[in-house]
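Note sheet for the following structure.
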Amino acid sequence: MHIECTINGNERSFEVSKSDLLLDVLRQNGYTGAKRGCDTGACGMCTVQIDGEPTMSCITPVVKADGATIETVEGLGTQDDLHPVQQAFVDNSALQCGFCIPGMIMRSKALLEENPSPSEAEVREALSDNLCRCTGYKKIVEAVLEASERMGEQTVAADGGYSCRCEDTGLEVDSRGETDR
Amino acid sequence: MSNENDPKPDGGTASHPEQDVTEFEDHPLEWDEPENNNLAPDERASVSQSAEKDDDPKLVTGQAKYTADYEKKFPDLAHAAVVRSDVPHGRVANIDTNDAEEMDGVHAVLTPWSDETPDAKYTSAGQSYPEPSPWDMNVLNEHVRYIGDPVAAIAADDAETARAAADAIEVEYEENDYVLDPEEAYSEDAPQIFGDDEVENKIVGHDYSRNRMSQIEGEIGDVDGAVDRDDVHVHETEWETIRQSHAQIEKHTTLAYTDEDDRHVLVTSTQVPNHTRRQLAHLFDIPIRDIRVSKPRVGGGFGGKQAMVVEPIPLALALAADRPVIYEATREEEFAGMRSRHPMKVRARTAVTDDGSIEAIDLYALSNTGAYGSHGMTVAGNVGSKPMPLYSKVPNARFKADIVHTNTPQTGAMRGYGAPQGTLALEGHLDEVARDLDLDPIEFRKRHYMEVGDLDEIAGMMGGEGAERRIRSCGLDECIERGMDAIGWGDIDQPDEEHRHRGIGMALSAQGTGVAGDELGAAQLMMNEDGSFHLHVGGVDIGTGADTAFIQIAAEVLGCPETDIVIKSSDTDVTPFDYGAYASSTTYISGMAVKKAAEDAKERILHWGSKLLEEPEANLETGDGEVYSEETGESVSLEEIGYEAAYGHDEREHILGKGTHCTEESPPPFAAQFADVTVDEETGEFEVNKLVVAVDCGVAINPGMAEGQVEGANHMSYEMAVSEGITFDDDGRSEVTSFGDYDWPTASETPTIESILVETHEPTGPFGAKSVAEVPTNTVPPALSNAIRETVGVRITDMPITPEKIRAALEDDE
């Protein structure tokens with residue numbers, strides 16, 4: 001079957017089987033930022049946003065994406081111009097191996113869109129569907145709280161409300177990051 | 001290679017047998033440390049800065065490549081699936097692969113008898129050569145020893161087809177009796193898991209008639225004599241630890257192919273590229289030069305990838321299918337078929353005088369190594385050789401371990417490497433002794449623990465003569481002091497409710513930094529004409545930030561910005577040799593190799609600087625991207641030097657630096673752990689209010705990354721204290737098959753962990769650094785057990801600590 005959706009601001013269409021899962025389709029089409037951790041929706045490595053909602057793509061039938069707006073980590077900042085959530089993770093030494101981080105960042109971004117000033121307990125609760133084996137969560141929680149502060153400041157400065165940079169970065173997905181320098 | 005290995009049971013402090021013992025028998029306290037290795041904080045430009053992790057930008061944008069992310073580069077890539085044993089112990093009587101072979105899209109089906117399946121024995125342990133682990137494994141097995149043992153493998157167009165083909169293979173087993181409990185396995189009449197002829201490279205103390213793969217023992221002084229004295233109290237306690245899973249979030253994944261030069265390439269998620277290359281050469285009878293092992297980004301290791309766990313299967317399939325093959329384990333396989341921490345029972349015994357002088361420490365461990373013996377002897381050795389030396393002033397010490405097989409999945413290296421099991425026993429035990437003798441638990445420890453200048457003989461007690469080490473840095477006093485402050489020792493409020501109580505427990509720990517006398521790291525540095533550098537290093541960054549630490553070390557020497565150094569690490573075709581990421585060695589061993597390489601390059605840079613500035617080299621120094629004269633203040637940029645060296649008229653040179661490092665040293669880092677807990681005496685429910693862990697890691701090359709290591713390790717340690725780990729049903733089938741079954745503490749279930757870095761200067765390490773990432777893995781189980789004992793008076797000795805166990809113990813007390 002044929003589905004159409006918007007991924008990171010780009011109109012995309014795919015030939016898929018009804019039983020295909022969104023994570024597989026994303027990864028086969030170059031969106032490899034979303035990671036495969038468990039295939040059972042138990043670890044959050046594959047988290048993307050569908051119409052704003054943080055969603056485990058490994059258990060989401062791709063048909064649910066038909067007509068939807070999907071945001072993946074590739075749609076946030078670039079390496080030279082990071083999104084505030086990405087920047088806060090970097091600045092707080094909040095990542096080690098990085099495998100959980102695309103999912104963790106999408107989850108954090110979704111949290112801050114819904115609740116721009118979360119408490120530490122709210123951050124910890126929101127991140128509890130996303131596992132991390134390296135950090136003990138402390139610096140991740142600190143990064144999300146700092147991102148919240150920075151984005152709050154941006155909102156004030158812009159006087160029109162913060163809007164996330166979820167538009168496409170303009171790169172061809174298949175050309176991305178073929179080297180691991 | 002059929003000789004038995006020399007006993008090097010500690011895997012962490014043993015010396016090379018061929019080394020001239022007298023050479024280091026008489027360690028001077030003073031180390032011949034170059035002046036540039038000991039920089040005051042204000043002299044450090046790159047070291048001690050929380051520099052941005054080199055790979056962070058690509059990691060946070062999803063651009064970084066892990067093994068599975070290379071799939072798209074191989075249009076004809078086949079996917080692998082593995083058929084695993086369904087019985088805990090038996091022999092494959094018949095295997096029917098016809099249906100699988102006839103399926104559309106199936107390219108290869110391998111059984112133990114296929115031509116492409118290696119039939120050599122090997123160990124998966126990624127250790128130095130010859131491995132101190134028995135060669136007791138086959139890639140695919142006729143004799144299966146646990147539910148999950150690989151029997152057959154398939155390569156097919158996609159993962160679904162491969163899985164379907166695997167399911168279509170029918171295996172009939174001739175079932176044998178099996179044994180799951182290590183104590184039962186050790187009895188005379190237990191089912192025998194290995195025939196004597198089924199193991200090569202046997203390890204000291206093996207007795208396969210009793211399922212014992214190894215027995216080790218070491219002693220200094222006279223423990224029995226001390227125990228028999230009239231003026232001592234003899235205390236004995238027994239402890240038990242869980243089978244913890246590494247649960248690396250990136251599963252074991254390997255992509256294997258043969259390139260246009262007929263060389264075999266493996267892109268793989270590993271901690272040990274060079275060991276893996278050597279082991280593949282052995283298994284497949286291919287020269288080392290024709291194998292290339294390349295490590296992309298790795299999604300966590302924790303020891304679970306200090307082993308060649310899956311690599312032979314995709315390589316054999318790639319050879320059979322004549323196309324690239326990727327094998328990405330399933331999460332179920334990760335829990336049931338890969339590696340885990342050795343579960344152990346550890347008995348601690350001490351002889352202590354009335355006034356609290358410890359005359360003897362005696363530890364005994366029974367380790368369950370599971371179906372195979374990888375890392376079995378060395379992990380057990382570290383149960384003694386890491387925690388016991390902490391109390392270097394105790395005159396008599398003994399450690400003994402039996403390592404036995406059971407029909408459960410095989411265990412392996414895991415962060416802490418035996419030290420967590422030993423630390424629980426020793427630190428829990430000392431807490432009990434202090435209570436019995438009414439001594440302050442901290443003062444009691446302080447009387448016996450190591451300090452600068454001590455000659456630590458306990459570390460060498462199993463490693464042969466001369467393996468003792470001199471302690472040159474020790475921040476234990478400050479770790480304790482700052483930890484006490486942070487936790488509020490002696491200054492906590494009790495809850496209002498009468499049935500709830502609050503208290504604090506503590507524990508100490510020491511680890512090593514690399515395997516003394518059994519490590520090698522190397523690096524090379526190439527200067528570009530614009531003054532930038534390429535740093536090639538064998539050291540392995542598995543997510544720790546090692547690449548960044550290497551860059552910081554090189555930048556400090558070269559006096560250039562970190563961004564001017566491009567690193568390439570862990571590709572056996574390109575980067576110099578390295579033993580790999582384990583034993584807390586990376587910063588210390590590989591980092592020192594980087595420092596030497598940078599110093600080597602710097603010598604040539606100063607030569608060219610001298611030429612351009614017309615000043616003697618002795619007057620010159622590097623800094624801020626320049627060579628400058630300390631006499632005249634004149635300077636020349638690294639870019640000018642780079643162009644002059646590459647394109648000059650009368651003389652030209654590619655500025656290259658090389659460094660290689662090995663050492664007999666393995667300085668201990670130290671940790672002081674504190675746990676603040678509230679317990680409900682009616683229900684046994686408890687809440688950990690806060691964990692504090694203060695660590696002496698020498699000079700932290702990157703404090704932000706070092707704190708991250710401490711917090712992550714402490715989280716893993718907390719899991720060891722409160723989670724079940726992997727458990728099995730009566731048939732030996734893993735009850736944990738998914739993250740949902742494995743109860744690791746989530747963000748909301750993890751207490752606040754406060755990490756404190758206590759700086760000391762370790763003269764043998766690069767810029768004063770020693771290790772950091774393992775020692776905080778050891779300490780939460782004893783600190784939490786001690787805190788609960790302090791709070792409600794009951795002692796939990798078998799992990800995990802649960803409300804049910806606390807309630808039962810409280811009821812027993814009544």
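Labeling convention for the structure tokens: chains A, B, ... as they appear, residues from 1 per chain, ligands from 1 in order of appearance.
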
- Message: Show me, as number ranges by chain, the residues of chain A whose atoms get within 8 Å of chain B, using only C-alpha atoms for the distance check.
- Response: A: 28, 30, 32-34, 36-40, 42-43, 73-74, 76-80, 82, 86, 89-102, 105, 121, 124-125, 127-139, 176-181

- Message: Give me, as a list in words, the residues of range 236-289 of chain B that a backbone DSSP run labels strand (DSSP E).
- Response: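 Answer for range 236-289 of chain B restricted to strand (DSSP E) is Glu236, Thr237, Glu238, Trp239, Glu240, Thr253, Thr254, Leu255, Ala256, Tyr257, Thr258, His264, Val265, Leu266, Val267 and Thr268 of chain B.
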
So that I have them on file, write out the residues from the current selection with N, CA and C atoms, as a PDB file, in the first residue's frame.
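Below you can see result.pdb, which holds the result:
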```pdb
ATOM      1  N   GLU B 236      32.511 -14.404  60.902  1.00  0.00           N
ATOM      2  CA  GLU B 236      32.303 -14.992  59.576  1.00  0.00           C
ATOM      3  C   GLU B 236      30.933 -14.581  59.051  1.00  0.00           C
ATOM      4  N   THR B 237      30.889 -14.155  57.808  1.00  0.00           N
ATOM      5  CA  THR B 237      29.613 -13.771  57.178  1.00  0.00           C
ATOM      6  C   THR B 237      29.602 -14.327  55.755  1.00  0.00           C
ATOM      7  N   GLU B 238      28.395 -14.450  55.184  1.00  0.00           N
ATOM      8  CA  GLU B 238      28.297 -14.976  53.827  1.00  0.00           C
ATOM      9  C   GLU B 238      27.356 -14.108  52.992  1.00  0.00           C
ATOM     10  N   TRP B 239      27.704 -13.910  51.739  1.00  0.00           N
ATOM     11  CA  TRP B 239      27.039 -12.936  50.883  1.00  0.00           C
ATOM     12  C   TRP B 239      26.730 -13.545  49.527  1.00  0.00           C
ATOM     13  N   GLU B 240      25.723 -13.010  48.873  1.00  0.00           N
ATOM     14  CA  GLU B 240      25.349 -13.561  47.570  1.00  0.00           C
ATOM     15  C   GLU B 240      24.974 -12.428  46.615  1.00  0.00           C
ATOM     16  N   THR B 253      26.172  -6.560  17.538  1.00  0.00           N
ATOM     17  CA  THR B 253      25.891  -6.419  16.109  1.00  0.00           C
ATOM     18  C   THR B 253      27.204  -6.466  15.347  1.00  0.00           C
ATOM     19  N   THR B 254      27.235  -7.280  14.305  1.00  0.00           N
ATOM     20  CA  THR B 254      28.433  -7.385  13.468  1.00  0.00           C
ATOM     21  C   THR B 254      28.032  -7.462  12.005  1.00  0.00           C
ATOM     22  N   LEU B 255      28.748  -6.708  11.185  1.00  0.00           N
ATOM     23  CA  LEU B 255      28.564  -6.780   9.742  1.00  0.00           C
ATOM     24  C   LEU B 255      29.876  -7.298   9.149  1.00  0.00           C
ATOM     25  N   ALA B 256      29.793  -8.413   8.404  1.00  0.00           N
ATOM     26  CA  ALA B 256      31.012  -9.046   7.867  1.00  0.00           C
ATOM     27  C   ALA B 256      30.930  -9.119   6.344  1.00  0.00           C
ATOM     28  N   TYR B 257      32.038  -8.822   5.705  1.00  0.00           N
ATOM     29  CA  TYR B 257      32.082  -8.975   4.250  1.00  0.00           C
ATOM     30  C   TYR B 257      33.526  -9.198   3.811  1.00  0.00           C
ATOM     31  N   THR B 258      33.669  -9.625   2.562  1.00  0.00           N
ATOM     32  CA  THR B 258      34.993  -9.797   1.989  1.00  0.00           C
ATOM     33  C   THR B 258      35.175  -8.722   0.938  1.00  0.00           C
ATOM     34  N   HIS B 264      38.995  -9.941   4.730  1.00  0.00           N
ATOM     35  CA  HIS B 264      37.746 -10.114   5.462  1.00  0.00           C
ATOM     36  C   HIS B 264      37.575  -8.957   6.443  1.00  0.00           C
ATOM     37  N   VAL B 265      36.477  -8.260   6.277  1.00  0.00           N
ATOM     38  CA  VAL B 265      36.255  -7.029   7.041  1.00  0.00           C
ATOM     39  C   VAL B 265      35.078  -7.233   7.982  1.00  0.00           C
ATOM     40  N   LEU B 266      35.270  -6.839   9.235  1.00  0.00           N
ATOM     41  CA  LEU B 266      34.172  -6.883  10.195  1.00  0.00           C
ATOM     42  C   LEU B 266      33.972  -5.492  10.782  1.00  0.00           C
ATOM     43  N   VAL B 267      32.797  -4.952  10.558  1.00  0.00           N
ATOM     44  CA  VAL B 267      32.392  -3.731  11.258  1.00  0.00           C
ATOM     45  C   VAL B 267      31.595  -4.227  12.447  1.00  0.00           C
ATOM     46  N   THR B 268      32.063  -3.930  13.642  1.00  0.00           N
ATOM     47  CA  THR B 268      31.448  -4.635  14.776  1.00  0.00           C
ATOM     48  C   THR B 268      31.456  -3.815  16.046  1.00  0.00           C
TER      49      THR B 268
END
```

- Task: Pick out the residues sitting within 7 Å of range 123-135 of chain B, and hand them over as number ranges by chain; count only C-alpha atoms, and ignore anything fewer than 4 positions along from it in its own chain.
- Result: B: 5, 199-203, 272, 275-276, 306-309, 373-377, 579

Taking the DSSP secondary structure from the backbone, can you list the residues of range 689-720 of chain B that are helix (DSSP H, G or I), as a short mmCIF file (atom, residue, chain, number, x, y, z; two decimals) with N, CA, C and O atoms, in the first residue's frame?
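Output below, filename selection-v2.cif:
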```
data_model
loop_
_atom_site.label_atom_id
_atom_site.label_comp_id
_atom_site.auth_asym_id
_atom_site.auth_seq_id
_atom_site.Cartn_x
_atom_site.Cartn_y
_atom_site.Cartn_z
N PRO B 703 36.53 16.43 33.58
CA PRO B 703 35.71 16.23 34.79
C PRO B 703 34.24 15.92 34.48
O PRO B 703 33.63 15.09 35.17
N GLY B 704 33.67 16.54 33.47
CA GLY B 704 32.26 16.27 33.14
C GLY B 704 32.07 14.81 32.75
O GLY B 704 31.14 14.13 33.20
N MET B 705 32.97 14.31 31.92
CA MET B 705 32.88 12.92 31.50
C MET B 705 33.17 11.98 32.67
O MET B 705 32.55 10.93 32.79
N ALA B 706 34.12 12.38 33.52
CA ALA B 706 34.46 11.52 34.67
C ALA B 706 33.27 11.42 35.62
O ALA B 706 32.94 10.34 36.11
N GLU B 707 32.61 12.54 35.87
CA GLU B 707 31.40 12.49 36.72
C GLU B 707 30.35 11.60 36.09
O GLU B 707 29.66 10.84 36.78
N GLY B 708 30.21 11.69 34.77
CA GLY B 708 29.25 10.83 34.07
C GLY B 708 29.56 9.36 34.28
O GLY B 708 28.67 8.54 34.49
N GLN B 709 30.85 9.02 34.25
CA GLN B 709 31.25 7.64 34.51
C GLN B 709 30.87 7.23 35.93
O GLN B 709 30.39 6.12 36.17
N VAL B 710 31.12 8.12 36.88
CA VAL B 710 30.85 7.80 38.28
C VAL B 710 29.35 7.60 38.49
O VAL B 710 28.91 6.63 39.13
N GLU B 711 28.56 8.49 37.92
CA GLU B 711 27.10 8.40 38.12
C GLU B 711 26.55 7.15 37.44
O GLU B 711 25.70 6.44 38.00
N GLY B 712 27.01 6.88 36.23
CA GLY B 712 26.53 5.70 35.52
C GLY B 712 26.92 4.41 36.23
O GLY B 712 26.13 3.47 36.34
N ALA B 713 28.16 4.38 36.74
CA ALA B 713 28.62 3.20 37.46
C ALA B 713 27.81 3.01 38.74
O ALA B 713 27.45 1.90 39.11
N ASN B 714 27.52 4.11 39.41
CA ASN B 714 26.79 4.02 40.66
C ASN B 714 25.33 3.58 40.42
O ASN B 714 24.74 2.87 41.24
N HIS B 715 24.79 3.99 39.29
CA HIS B 715 23.44 3.54 38.91
C HIS B 715 23.45 2.02 38.71
O HIS B 715 22.56 1.30 39.17
N MET B 716 24.48 1.54 38.03
CA MET B 716 24.60 0.10 37.79
C MET B 716 24.80 -0.65 39.11
O MET B 716 24.32 -1.77 39.30
N SER B 717 25.52 -0.02 40.02
CA SER B 717 25.77 -0.61 41.33
C SER B 717 24.47 -0.65 42.15
O SER B 717 24.17 -1.63 42.84
N TYR B 718 23.69 0.41 42.03
CA TYR B 718 22.39 0.47 42.71
C TYR B 718 21.49 -0.66 42.21
O TYR B 718 20.81 -1.33 42.98
N GLU B 719 21.54 -0.89 40.88
CA GLU B 719 20.74 -1.98 40.32
C GLU B 719 21.14 -3.32 40.94
O GLU B 719 20.30 -4.17 41.23
N MET B 720 22.46 -3.50 41.17
CA MET B 720 22.92 -4.75 41.77
C MET B 720 22.39 -4.93 43.18
O MET B 720 22.28 -6.05 43.68
#
```

- Message: What's the separation between CA of Thr408 in chain B and CA of Ala808 in chain B, in Å to one decimal place?
- Response: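 Distance reported for this atom pair: 29.3 Å.
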
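Picture a line from CA of Arg91 in chain B to CA of Phe194 in chain B; it runs 12.2 Å.
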
- Message: Please report the interatomic distance between CA of Asn778 in chain B and CA of Ser509 in chain B in Å with one decimal.
- Response: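 Spanning CA of Asn778 in chain B to CA of Ser509 in chain B is a straight-line distance of 6.7 Å.
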
- Task: Just the residues within 9 Å of Ser117 in chain A, please, counting only C-alpha atoms, with nothing from its chain fewer than 5 positions along; format it as a VMD selection string.
- Result: chain A and resid 112 145 148 to 149 152

Residue selection dump (N, CA, C and O atoms) as a PDB file, in the first residue's frame:
```pdb
ATOM      1  N   LEU A 112       8.914  19.295  26.772  1.00  0.00           N
ATOM      2  CA  LEU A 112       9.037  20.749  26.935  1.00  0.00           C
ATOM      3  C   LEU A 112       8.001  21.492  26.099  1.00  0.00           C
ATOM      4  O   LEU A 112       7.633  22.624  26.428  1.00  0.00           O
ATOM      5  N   LEU A 145      16.361  20.141  32.233  1.00  0.00           N
ATOM      6  CA  LEU A 145      15.988  21.318  33.032  1.00  0.00           C
ATOM      7  C   LEU A 145      16.674  22.574  32.486  1.00  0.00           C
ATOM      8  O   LEU A 145      16.060  23.649  32.416  1.00  0.00           O
ATOM      9  N   SER A 148      15.005  23.661  29.323  1.00  0.00           N
ATOM     10  CA  SER A 148      13.752  24.335  29.656  1.00  0.00           C
ATOM     11  C   SER A 148      14.002  25.805  29.983  1.00  0.00           C
ATOM     12  O   SER A 148      13.312  26.704  29.496  1.00  0.00           O
ATOM     13  N   GLU A 149      15.052  26.034  30.787  1.00  0.00           N
ATOM     14  CA  GLU A 149      15.385  27.425  31.140  1.00  0.00           C
ATOM     15  C   GLU A 149      15.771  28.234  29.911  1.00  0.00           C
ATOM     16  O   GLU A 149      15.291  29.347  29.701  1.00  0.00           O
ATOM     17  N   GLY A 152      12.880  28.931  27.714  1.00  0.00           N
ATOM     18  CA  GLY A 152      12.036  29.934  28.339  1.00  0.00           C
ATOM     19  C   GLY A 152      12.578  31.328  28.081  1.00  0.00           C
ATOM     20  O   GLY A 152      11.831  32.254  27.734  1.00  0.00           O
TER      21      GLY A 152
END
```

Determine, counting only C-alpha atoms, which protein, DNA and RNA residues have an atom within 8 Å of an atom of Leu23 in chain A; residues of the same chain fewer than 5 positions away are not included. Present the result as an mmCIF file with all heavy atoms, in the first residue's frame.
```cif
data_model
loop_
_atom_site.group_PDB
_atom_site.id
_atom_site.type_symbol
_atom_site.label_atom_id
_atom_site.label_comp_id
_atom_site.auth_asym_id
_atom_site.auth_seq_id
_atom_site.Cartn_x
_atom_site.Cartn_y
_atom_site.Cartn_z
ATOM 1 N N ALA A 34 16.749 7.227 14.655
ATOM 2 C CA ALA A 34 15.922 6.389 15.537
ATOM 3 C C ALA A 34 16.558 5.004 15.621
ATOM 4 O O ALA A 34 16.855 4.397 14.598
ATOM 5 C CB ALA A 34 14.507 6.287 14.998
ATOM 6 N N ARG A 36 17.132 0.921 17.108
ATOM 7 C CA ARG A 36 16.397 -0.294 17.437
ATOM 8 C C ARG A 36 16.967 -0.861 18.728
ATOM 9 O O ARG A 36 18.099 -1.329 18.766
ATOM 10 C CB ARG A 36 16.568 -1.301 16.307
ATOM 11 C CG ARG A 36 15.742 -2.576 16.445
ATOM 12 C CD ARG A 36 16.076 -3.574 15.342
ATOM 13 N NE ARG A 36 15.930 -3.002 14.011
ATOM 14 C CZ ARG A 36 14.768 -2.813 13.388
ATOM 15 N NH1 ARG A 36 13.643 -3.166 13.976
ATOM 16 N NH2 ARG A 36 14.719 -2.283 12.182
ATOM 17 N N CYS A 46 13.713 4.304 19.948
ATOM 18 C CA CYS A 46 13.128 4.563 18.630
ATOM 19 C C CYS A 46 12.117 5.706 18.681
ATOM 20 O O CYS A 46 11.336 5.881 17.753
ATOM 21 C CB CYS A 46 12.429 3.294 18.146
ATOM 22 S SG CYS A 46 11.056 2.834 19.231
ATOM 23 N N SER A 57 8.414 4.136 17.744
ATOM 24 C CA SER A 57 8.160 3.757 16.351
ATOM 25 C C SER A 57 8.334 2.263 16.104
ATOM 26 O O SER A 57 7.847 1.742 15.110
ATOM 27 C CB SER A 57 9.073 4.556 15.412
ATOM 28 O OG SER A 57 10.430 4.283 15.668
ATOM 29 N N CYS A 58 8.982 1.543 17.030
ATOM 30 C CA CYS A 58 9.218 0.105 16.785
ATOM 31 C C CYS A 58 7.949 -0.712 16.960
ATOM 32 O O CYS A 58 7.909 -1.866 16.545
ATOM 33 C CB CYS A 58 10.331 -0.436 17.677
ATOM 34 S SG CYS A 58 9.863 -0.758 19.387
ATOM 35 N N ILE A 59 6.936 -0.159 17.614
ATOM 36 C CA ILE A 59 5.684 -0.903 17.761
ATOM 37 C C ILE A 59 4.524 -0.168 17.100
ATOM 38 O O ILE A 59 3.366 -0.497 17.319
ATOM 39 C CB ILE A 59 5.347 -1.173 19.250
ATOM 40 C CG1 ILE A 59 5.445 0.118 20.072
ATOM 41 C CG2 ILE A 59 6.257 -2.255 19.827
ATOM 42 C CD1 ILE A 59 4.838 0.015 21.453
ATOM 43 N N THR A 60 4.874 0.846 16.297
ATOM 44 C CA THR A 60 3.817 1.621 15.644
ATOM 45 C C THR A 60 3.663 1.160 14.200
ATOM 46 O O THR A 60 4.601 1.268 13.413
ATOM 47 C CB THR A 60 4.184 3.120 15.662
ATOM 48 O OG1 THR A 60 4.375 3.531 17.019
ATOM 49 C CG2 THR A 60 3.092 3.959 15.017
#
```

- Task: Determine the nearest neighbour of His83 in chain A from the options A:Pro61, A:Met104, A:Ala147, A:Asp51, counting only C-alpha atoms.
- Result: A:Ala147
